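All remarks here apply to the structure that follows.
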Amino acid sequence: MNVLLISDLHLTANPRDEYRWRLFDWLSEVIPQNGVKDLFILGDLVEARDYHSARLVNRIVNSLLGLYRQGGLHYIHILRGNHDGTDPRCPYFQFLGEYPSIRYIATPFTFPLGTTEVLMLPHTTDPAKDWKDVEMHNVDLILMHATVRGSVAENG
């Protein structure tokens with residue numbers, strides 16, 4: 001099964017950041033060309049954590065649904081990142097999970113993807129506490145929005 005992983009879109013309504021929206025044009029070509037069935041957005045859908053304009057929210061929803069409708073996707077999985085709300089118990093974009101084509105993950109969630117058991121771990125400031133009861137030994141793949149101690153990113 002073909003999947004596509006993307007992360008940290010940091011979408012805004014600011015004209016200065018308009019280039020970020022070109023990603024959706026690229027995705028609309030790449031998804032059908034490669035037979036992608038599941039798109040994973042692994043956190044930070046937006047830059048600001050709260051108080052989004054109707055224009056921004058509607059553009060995000062229309063862009064996501066447009067990908068689903070024309071791309072042949074089974075699901076769009078969106079993992080809550082640290083920029084996706086001010087309160088982890090009430091993520092801003094949780095309403096997206098009400099669409100049958102979108103799975104919004106705000107708490108640890110395990111599911112089968114073909115023959116692969118996938119665990120998705122949303123952002124937390126305290127993984128030791130928040131993930132202590134999560135079964136991680138019987139999964140094949142863990143996708144998360146977190147920094148791993150010892151990792152090196154573009155900022156060094």
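Chain labels follow the order of the structure tokens: the first chain is A, the next B, and so on; residue numbering restarts at 1 in every chain, and ligands are counted from 1 in their shown order.
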
**Study point:** Shell around Pro108 in chain A at 12 Å using only C-alpha atoms, local window under 3 positions removed, as a ChimeraX atom specification
**Key:** /A:79-80,104-105,111,118-124,127,130-136,142-145

Practice item. Name the residues in contact with Ile60 in chain A at a cut-off of 12 Å, using only C-alpha atoms, excluding same-chain residues fewer than 4 positions from it; report them as a ChimeraX atom specification. Key: /A:9-13,20-21,23-24,45-46,52-56,64-67,93,96

For the residues in the current selection, export N, CA and C atoms as a CSV table (one decimal), in the first residue's frame.
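Output file again11.csv follows:
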chain,number,residue,atom,x,y,z
A,9,LEU,N,3.4,21.8,7.9
A,9,LEU,CA,3.0,22.6,6.8
A,9,LEU,C,3.0,24.1,7.2
A,10,HIS,N,2.7,24.4,8.5
A,10,HIS,CA,2.7,25.7,9.0
A,10,HIS,C,1.9,26.7,8.1
A,11,LEU,N,0.7,26.3,7.7
A,11,LEU,CA,-0.1,27.2,6.8
A,11,LEU,C,-0.6,28.4,7.5
A,12,THR,N,-0.7,29.5,6.8
A,12,THR,CA,-1.1,30.8,7.3
A,12,THR,C,-2.0,31.5,6.2
A,13,ALA,N,-2.6,32.6,6.6
A,13,ALA,CA,-3.4,33.4,5.7
A,13,ALA,C,-2.5,34.6,5.2
A,20,ARG,N,3.6,28.3,0.6
A,20,ARG,CA,3.3,27.1,1.3
A,20,ARG,C,2.1,26.3,0.7
A,21,TRP,N,1.2,27.0,0.2
A,21,TRP,CA,0.0,26.4,-0.4
A,21,TRP,C,0.2,25.7,-1.7
A,23,LEU,N,2.0,23.4,-2.1
A,23,LEU,CA,2.1,22.0,-1.7
A,23,LEU,C,0.9,21.2,-2.2
A,24,PHE,N,-0.3,21.8,-2.1
A,24,PHE,CA,-1.5,21.1,-2.5
A,24,PHE,C,-1.6,20.9,-4.0
A,45,LEU,N,-0.2,21.5,11.2
A,45,LEU,CA,-1.0,21.9,10.0
A,45,LEU,C,-0.9,23.4,9.8
A,46,VAL,N,-0.9,24.2,10.9
A,46,VAL,CA,-0.9,25.7,10.8
A,46,VAL,C,0.3,26.2,11.6
A,52,HIS,N,-7.8,31.4,14.3
A,52,HIS,CA,-7.6,31.4,12.8
A,52,HIS,C,-8.8,32.0,12.1
A,53,SER,N,-8.5,32.7,11.0
A,53,SER,CA,-9.6,33.4,10.3
A,53,SER,C,-10.4,32.3,9.6
A,54,ALA,N,-11.7,32.7,9.3
A,54,ALA,CA,-12.6,31.8,8.5
A,54,ALA,C,-11.9,31.6,7.1
A,55,ARG,N,-11.3,32.5,6.5
A,55,ARG,CA,-10.7,32.3,5.2
A,55,ARG,C,-9.6,31.2,5.3
A,56,LEU,N,-8.8,31.2,6.3
A,56,LEU,CA,-7.7,30.2,6.5
A,56,LEU,C,-8.4,28.8,6.7
A,64,LEU,N,-7.9,20.1,1.7
A,64,LEU,CA,-7.9,18.7,2.2
A,64,LEU,C,-8.9,17.9,1.5
A,65,LEU,N,-10.2,18.4,1.4
A,65,LEU,CA,-11.3,17.6,0.8
A,65,LEU,C,-11.0,17.5,-0.7
A,66,GLY,N,-10.5,18.5,-1.3
A,66,GLY,CA,-10.1,18.5,-2.7
A,66,GLY,C,-9.2,17.4,-3.0
A,67,LEU,N,-8.1,17.2,-2.2
A,67,LEU,CA,-7.2,16.1,-2.4
A,67,LEU,C,-7.9,14.8,-2.3
A,93,PHE,N,-8.2,21.8,15.4
A,93,PHE,CA,-8.7,21.2,14.1
A,93,PHE,C,-9.3,19.8,14.4
A,96,LEU,N,-12.0,18.3,12.1
A,96,LEU,CA,-11.8,17.7,10.8
A,96,LEU,C,-12.0,16.2,10.9

**Study point:** strand (DSSP E or B) residues, from DSSP on the backbone, in chain A, as number ranges by chain
**Key:** A: 2-6, 11, 36-41, 46, 75-79, 102-105, 109-113, 116-121, 141-144

Would you save the residues of that selection, restricted to N, CA and C atoms, as a compact mmCIF listing (two decimals), in the first residue's frame?
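File written: selection17.txt
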# COMPACT_ATOMS: atom_id res chain seq x y z
N ASN A 2 0.62 2.16 -0.91
CA ASN A 2 1.41 3.38 -1.00
C ASN A 2 0.86 4.44 -0.06
N VAL A 3 1.76 5.00 0.75
CA VAL A 3 1.40 6.09 1.65
C VAL A 3 2.36 7.25 1.41
N LEU A 4 1.94 8.42 1.83
CA LEU A 4 2.78 9.61 1.73
C LEU A 4 2.77 10.31 3.08
N LEU A 5 3.97 10.60 3.59
CA LEU A 5 4.12 11.29 4.87
C LEU A 5 4.60 12.70 4.62
N ILE A 6 3.88 13.66 5.21
CA ILE A 6 4.34 15.06 5.18
C ILE A 6 4.16 15.62 6.59
N LEU A 11 0.70 26.34 7.72
CA LEU A 11 -0.12 27.17 6.83
C LEU A 11 -0.59 28.43 7.54
N VAL A 36 -1.03 6.70 -4.27
CA VAL A 36 -1.06 6.90 -2.82
C VAL A 36 -2.49 6.72 -2.32
N LYS A 37 -2.65 5.92 -1.30
CA LYS A 37 -3.98 5.66 -0.73
C LYS A 37 -4.17 6.31 0.62
N ASP A 38 -3.08 6.58 1.35
CA ASP A 38 -3.18 7.21 2.65
C ASP A 38 -2.16 8.34 2.73
N LEU A 39 -2.67 9.54 3.04
CA LEU A 39 -1.82 10.71 3.24
C LEU A 39 -1.75 10.98 4.74
N PHE A 40 -0.54 11.08 5.25
CA PHE A 40 -0.33 11.37 6.66
C PHE A 40 0.27 12.77 6.79
N ILE A 41 -0.40 13.62 7.56
CA ILE A 41 0.14 14.94 7.91
C ILE A 41 0.52 14.84 9.38
N VAL A 46 -0.88 24.19 10.89
CA VAL A 46 -0.85 25.66 10.84
C VAL A 46 0.32 26.20 11.65
N TYR A 75 -7.79 7.62 3.12
CA TYR A 75 -7.86 8.50 4.30
C TYR A 75 -6.78 9.57 4.23
N ILE A 76 -7.09 10.67 4.89
CA ILE A 76 -6.08 11.66 5.25
C ILE A 76 -5.98 11.58 6.77
N HIS A 77 -4.81 11.22 7.27
CA HIS A 77 -4.57 11.09 8.71
C HIS A 77 -3.83 12.35 9.15
N ILE A 78 -4.39 13.06 10.12
CA ILE A 78 -3.75 14.29 10.60
C ILE A 78 -3.42 14.10 12.07
N LEU A 79 -2.15 14.21 12.39
CA LEU A 79 -1.66 14.06 13.76
C LEU A 79 -1.52 15.44 14.38
N ILE A 102 -11.30 11.90 6.77
CA ILE A 102 -10.19 12.45 7.55
C ILE A 102 -10.18 11.82 8.94
N ARG A 103 -9.03 11.38 9.35
CA ARG A 103 -8.83 10.84 10.69
C ARG A 103 -7.94 11.83 11.43
N TYR A 104 -8.48 12.51 12.43
CA TYR A 104 -7.70 13.46 13.22
C TYR A 104 -7.28 12.77 14.51
N ILE A 105 -5.98 12.71 14.76
CA ILE A 105 -5.46 11.97 15.90
C ILE A 105 -4.92 12.95 16.94
N PHE A 109 -3.00 6.50 19.12
CA PHE A 109 -3.99 5.73 18.36
C PHE A 109 -3.27 4.66 17.55
N THR A 110 -3.75 3.43 17.65
CA THR A 110 -3.19 2.31 16.91
C THR A 110 -4.24 1.78 15.94
N PHE A 111 -3.81 1.46 14.72
CA PHE A 111 -4.74 0.93 13.72
C PHE A 111 -3.95 0.14 12.68
N PRO A 112 -4.65 -0.79 12.00
CA PRO A 112 -3.99 -1.55 10.94
C PRO A 112 -4.01 -0.76 9.64
N LEU A 113 -2.91 -0.81 8.93
CA LEU A 113 -2.80 -0.23 7.60
C LEU A 113 -2.29 -1.36 6.71
N THR A 116 0.30 -3.81 8.24
CA THR A 116 1.16 -3.07 9.15
C THR A 116 0.35 -2.47 10.29
N GLU A 117 0.77 -2.72 11.51
CA GLU A 117 0.12 -2.11 12.67
C GLU A 117 0.82 -0.78 12.95
N VAL A 118 0.05 0.31 12.89
CA VAL A 118 0.60 1.66 13.00
C VAL A 118 0.17 2.28 14.33
N LEU A 119 1.12 2.90 15.00
CA LEU A 119 0.84 3.67 16.22
C LEU A 119 1.15 5.13 15.91
N MET A 120 0.18 5.99 16.18
CA MET A 120 0.38 7.42 15.96
C MET A 120 0.39 8.12 17.32
N LEU A 121 1.43 8.93 17.53
CA LEU A 121 1.61 9.61 18.80
C LEU A 121 1.63 11.13 18.57
N LEU A 141 5.06 0.15 13.09
CA LEU A 141 5.46 1.50 12.68
C LEU A 141 4.92 2.50 13.68
N ILE A 142 5.77 3.42 14.13
CA ILE A 142 5.35 4.50 15.01
C ILE A 142 5.58 5.81 14.28
N LEU A 143 4.50 6.60 14.18
CA LEU A 143 4.58 7.93 13.59
C LEU A 143 4.24 8.93 14.69
N MET A 144 5.06 9.96 14.83
CA MET A 144 4.83 10.89 15.93
C MET A 144 5.25 12.29 15.56

Review point. So which residues touch His83 in chain A within 7 Å, counting only C-alpha atoms, skipping near sequence neighbours fewer than 4 positions away, as a list in words?
Key: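 Contacts, in chain order: Asp44, Val46, Glu47, Ala48 and Arg49 of chain A.
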
For the helix (DSSP H, G or I) assignment from backbone DSSP, which residues of range 26-117 of chain A qualify? Please present them as a PDB file with N, CA, C and O atoms, in the first residue's frame.
ATOM      1  N   TRP A  26       1.099  20.290  -5.820  1.00  0.00           N
ATOM      2  CA  TRP A  26       2.048  19.190  -5.978  1.00  0.00           C
ATOM      3  C   TRP A  26       1.426  17.874  -5.525  1.00  0.00           C
ATOM      4  O   TRP A  26       1.525  16.852  -6.211  1.00  0.00           O
ATOM      5  N   LEU A  27       0.749  17.892  -4.371  1.00  0.00           N
ATOM      6  CA  LEU A  27       0.109  16.681  -3.865  1.00  0.00           C
ATOM      7  C   LEU A  27      -0.961  16.174  -4.828  1.00  0.00           C
ATOM      8  O   LEU A  27      -1.102  14.965  -5.012  1.00  0.00           O
ATOM      9  N   SER A  28      -1.703  17.082  -5.449  1.00  0.00           N
ATOM     10  CA  SER A  28      -2.768  16.655  -6.365  1.00  0.00           C
ATOM     11  C   SER A  28      -2.204  15.956  -7.594  1.00  0.00           C
ATOM     12  O   SER A  28      -2.912  15.187  -8.242  1.00  0.00           O
ATOM     13  N   GLU A  29      -0.933  16.178  -7.912  1.00  0.00           N
ATOM     14  CA  GLU A  29      -0.275  15.465  -9.008  1.00  0.00           C
ATOM     15  C   GLU A  29       0.368  14.162  -8.512  1.00  0.00           C
ATOM     16  O   GLU A  29       0.230  13.112  -9.135  1.00  0.00           O
ATOM     17  N   VAL A  30       1.070  14.248  -7.399  1.00  0.00           N
ATOM     18  CA  VAL A  30       1.861  13.121  -6.888  1.00  0.00           C
ATOM     19  C   VAL A  30       0.981  11.984  -6.377  1.00  0.00           C
ATOM     20  O   VAL A  30       1.301  10.805  -6.606  1.00  0.00           O
ATOM     21  N   ILE A  31      -0.105  12.302  -5.714  1.00  0.00           N
ATOM     22  CA  ILE A  31      -0.951  11.260  -5.116  1.00  0.00           C
ATOM     23  C   ILE A  31      -1.484  10.294  -6.174  1.00  0.00           C
ATOM     24  O   ILE A  31      -1.270   9.084  -6.066  1.00  0.00           O
ATOM     25  N   PRO A  32      -2.155  10.775  -7.232  1.00  0.00           N
ATOM     26  CA  PRO A  32      -2.644   9.801  -8.223  1.00  0.00           C
ATOM     27  C   PRO A  32      -1.527   9.155  -9.046  1.00  0.00           C
ATOM     28  O   PRO A  32      -1.616   7.967  -9.383  1.00  0.00           O
ATOM     29  N   GLN A  33      -0.469   9.910  -9.340  1.00  0.00           N
ATOM     30  CA  GLN A  33       0.639   9.351 -10.127  1.00  0.00           C
ATOM     31  C   GLN A  33       1.288   8.164  -9.436  1.00  0.00           C
ATOM     32  O   GLN A  33       1.785   7.246 -10.089  1.00  0.00           O
ATOM     33  N   ALA A  54     -11.664  32.723   9.271  1.00  0.00           N
ATOM     34  CA  ALA A  54     -12.555  31.847   8.505  1.00  0.00           C
ATOM     35  C   ALA A  54     -11.950  31.558   7.139  1.00  0.00           C
ATOM     36  O   ALA A  54     -12.048  30.434   6.629  1.00  0.00           O
ATOM     37  N   ARG A  55     -11.294  32.539   6.549  1.00  0.00           N
ATOM     38  CA  ARG A  55     -10.665  32.348   5.244  1.00  0.00           C
ATOM     39  C   ARG A  55      -9.616  31.233   5.302  1.00  0.00           C
ATOM     40  O   ARG A  55      -9.566  30.357   4.450  1.00  0.00           O
ATOM     41  N   LEU A  56      -8.783  31.249   6.340  1.00  0.00           N
ATOM     42  CA  LEU A  56      -7.745  30.224   6.482  1.00  0.00           C
ATOM     43  C   LEU A  56      -8.363  28.839   6.728  1.00  0.00           C
ATOM     44  O   LEU A  56      -8.001  27.868   6.068  1.00  0.00           O
ATOM     45  N   VAL A  57      -9.298  28.756   7.664  1.00  0.00           N
ATOM     46  CA  VAL A  57      -9.894  27.462   8.000  1.00  0.00           C
ATOM     47  C   VAL A  57     -10.620  26.880   6.796  1.00  0.00           C
ATOM     48  O   VAL A  57     -10.463  25.694   6.476  1.00  0.00           O
ATOM     49  N   ASN A  58     -11.392  27.695   6.097  1.00  0.00           N
ATOM     50  CA  ASN A  58     -12.103  27.197   4.915  1.00  0.00           C
ATOM     51  C   ASN A  58     -11.140  26.778   3.815  1.00  0.00           C
ATOM     52  O   ASN A  58     -11.383  25.782   3.119  1.00  0.00           O
ATOM     53  N   ARG A  59     -10.058  27.483   3.667  1.00  0.00           N
ATOM     54  CA  ARG A  59      -9.075  27.116   2.645  1.00  0.00           C
ATOM     55  C   ARG A  59      -8.423  25.776   2.985  1.00  0.00           C
ATOM     56  O   ARG A  59      -8.201  24.939   2.102  1.00  0.00           O
ATOM     57  N   ILE A  60      -8.114  25.567   4.247  1.00  0.00           N
ATOM     58  CA  ILE A  60      -7.533  24.291   4.673  1.00  0.00           C
ATOM     59  C   ILE A  60      -8.515  23.154   4.418  1.00  0.00           C
ATOM     60  O   ILE A  60      -8.158  22.132   3.811  1.00  0.00           O
ATOM     61  N   VAL A  61      -9.755  23.312   4.868  1.00  0.00           N
ATOM     62  CA  VAL A  61     -10.760  22.261   4.697  1.00  0.00           C
ATOM     63  C   VAL A  61     -10.977  21.974   3.217  1.00  0.00           C
ATOM     64  O   VAL A  61     -10.981  20.810   2.787  1.00  0.00           O
ATOM     65  N   ASN A  62     -11.139  23.010   2.406  1.00  0.00           N
ATOM     66  CA  ASN A  62     -11.364  22.817   0.966  1.00  0.00           C
ATOM     67  C   ASN A  62     -10.166  22.156   0.292  1.00  0.00           C
ATOM     68  O   ASN A  62     -10.338  21.319  -0.599  1.00  0.00           O
ATOM     69  N   SER A  63      -8.966  22.511   0.710  1.00  0.00           N
ATOM     70  CA  SER A  63      -7.757  21.913   0.130  1.00  0.00           C
ATOM     71  C   SER A  63      -7.666  20.432   0.480  1.00  0.00           C
ATOM     72  O   SER A  63      -7.352  19.597  -0.378  1.00  0.00           O
ATOM     73  N   LEU A  64      -7.931  20.085   1.731  1.00  0.00           N
ATOM     74  CA  LEU A  64      -7.868  18.689   2.157  1.00  0.00           C
ATOM     75  C   LEU A  64      -8.946  17.859   1.471  1.00  0.00           C
ATOM     76  O   LEU A  64      -8.674  16.774   0.947  1.00  0.00           O
ATOM     77  N   LEU A  65     -10.167  18.361   1.447  1.00  0.00           N
ATOM     78  CA  LEU A  65     -11.259  17.619   0.812  1.00  0.00           C
ATOM     79  C   LEU A  65     -11.043  17.506  -0.696  1.00  0.00           C
ATOM     80  O   LEU A  65     -11.388  16.492  -1.303  1.00  0.00           O
ATOM     81  N   GLY A  66     -10.459  18.540  -1.282  1.00  0.00           N
ATOM     82  CA  GLY A  66     -10.146  18.479  -2.711  1.00  0.00           C
ATOM     83  C   GLY A  66      -9.154  17.374  -3.016  1.00  0.00           C
ATOM     84  O   GLY A  66      -9.307  16.641  -3.997  1.00  0.00           O
ATOM     85  N   LEU A  67      -8.133  17.225  -2.185  1.00  0.00           N
ATOM     86  CA  LEU A  67      -7.170  16.132  -2.359  1.00  0.00           C
ATOM     87  C   LEU A  67      -7.863  14.788  -2.259  1.00  0.00           C
ATOM     88  O   LEU A  67      -7.604  13.879  -3.047  1.00  0.00           O
ATOM     89  N   TYR A  68      -8.719  14.656  -1.291  1.00  0.00           N
ATOM     90  CA  TYR A  68      -9.418  13.391  -1.095  1.00  0.00           C
ATOM     91  C   TYR A  68     -10.308  13.076  -2.301  1.00  0.00           C
ATOM     92  O   TYR A  68     -10.281  11.965  -2.822  1.00  0.00           O
ATOM     93  N   ARG A  69     -11.064  14.045  -2.744  1.00  0.00           N
ATOM     94  CA  ARG A  69     -12.027  13.811  -3.818  1.00  0.00           C
ATOM     95  C   ARG A  69     -11.364  13.462  -5.143  1.00  0.00           C
ATOM     96  O   ARG A  69     -11.850  12.632  -5.886  1.00  0.00           O
ATOM     97  N   GLN A  70     -10.270  14.090  -5.449  1.00  0.00           N
ATOM     98  CA  GLN A  70      -9.664  13.865  -6.769  1.00  0.00           C
ATOM     99  C   GLN A  70      -8.464  12.946  -6.747  1.00  0.00           C
ATOM    100  O   GLN A  70      -8.007  12.529  -7.795  1.00  0.00           O
ATOM    101  N   GLY A  71      -7.985  12.595  -5.564  1.00  0.00           N
ATOM    102  CA  GLY A  71      -6.751  11.829  -5.509  1.00  0.00           C
ATOM    103  C   GLY A  71      -6.894  10.347  -5.318  1.00  0.00           C
ATOM    104  O   GLY A  71      -5.919   9.622  -5.372  1.00  0.00           O
ATOM    105  N   TYR A  92      -7.484  22.572  18.016  1.00  0.00           N
ATOM    106  CA  TYR A  92      -8.266  23.458  17.161  1.00  0.00           C
ATOM    107  C   TYR A  92      -8.923  22.714  16.005  1.00  0.00           C
ATOM    108  O   TYR A  92     -10.082  22.923  15.695  1.00  0.00           O
ATOM    109  N   PHE A  93      -8.188  21.837  15.356  1.00  0.00           N
ATOM    110  CA  PHE A  93      -8.680  21.189  14.137  1.00  0.00           C
ATOM    111  C   PHE A  93      -9.309  19.819  14.382  1.00  0.00           C
ATOM    112  O   PHE A  93      -9.506  19.049  13.448  1.00  0.00           O
ATOM    113  N   GLN A  94      -9.684  19.520  15.607  1.00  0.00           N
ATOM    114  CA  GLN A  94     -10.296  18.231  15.903  1.00  0.00           C
ATOM    115  C   GLN A  94     -11.573  18.014  15.090  1.00  0.00           C
ATOM    116  O   GLN A  94     -11.915  16.889  14.744  1.00  0.00           O
ATOM    117  N   PHE A  95     -12.264  19.081  14.740  1.00  0.00           N
ATOM    118  CA  PHE A  95     -13.502  18.967  13.964  1.00  0.00           C
ATOM    119  C   PHE A  95     -13.270  18.282  12.611  1.00  0.00           C
ATOM    120  O   PHE A  95     -14.200  17.711  12.030  1.00  0.00           O
ATOM    121  N   LEU A  96     -12.044  18.319  12.106  1.00  0.00           N
ATOM    122  CA  LEU A  96     -11.766  17.665  10.821  1.00  0.00           C
ATOM    123  C   LEU A  96     -12.049  16.166  10.887  1.00  0.00           C
ATOM    124  O   LEU A  96     -12.390  15.550   9.876  1.00  0.00           O
ATOM    125  N   GLY A  97     -11.934  15.580  12.060  1.00  0.00           N
ATOM    126  CA  GLY A  97     -12.204  14.159  12.231  1.00  0.00           C
ATOM    127  C   GLY A  97     -13.667  13.788  12.018  1.00  0.00           C
ATOM    128  O   GLY A  97     -14.000  12.605  11.934  1.00  0.00           O
ATOM    129  N   GLU A  98     -14.531  14.778  11.900  1.00  0.00           N
ATOM    130  CA  GLU A  98     -15.945  14.514  11.627  1.00  0.00           C
ATOM    131  C   GLU A  98     -16.176  14.178  10.153  1.00  0.00           C
ATOM    132  O   GLU A  98     -17.226  13.662   9.791  1.00  0.00           O
TER     133      GLU A  98
END

Exercise for review: One decimal, Å: what's the distance from CA of Asp50 in chain A over to CA of Asp17 in chain A, could you say?
Suggested key: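 Taking CA of Asp50 in chain A as the start and CA of Asp17 in chain A as the end point, the length is 17.3 Å.
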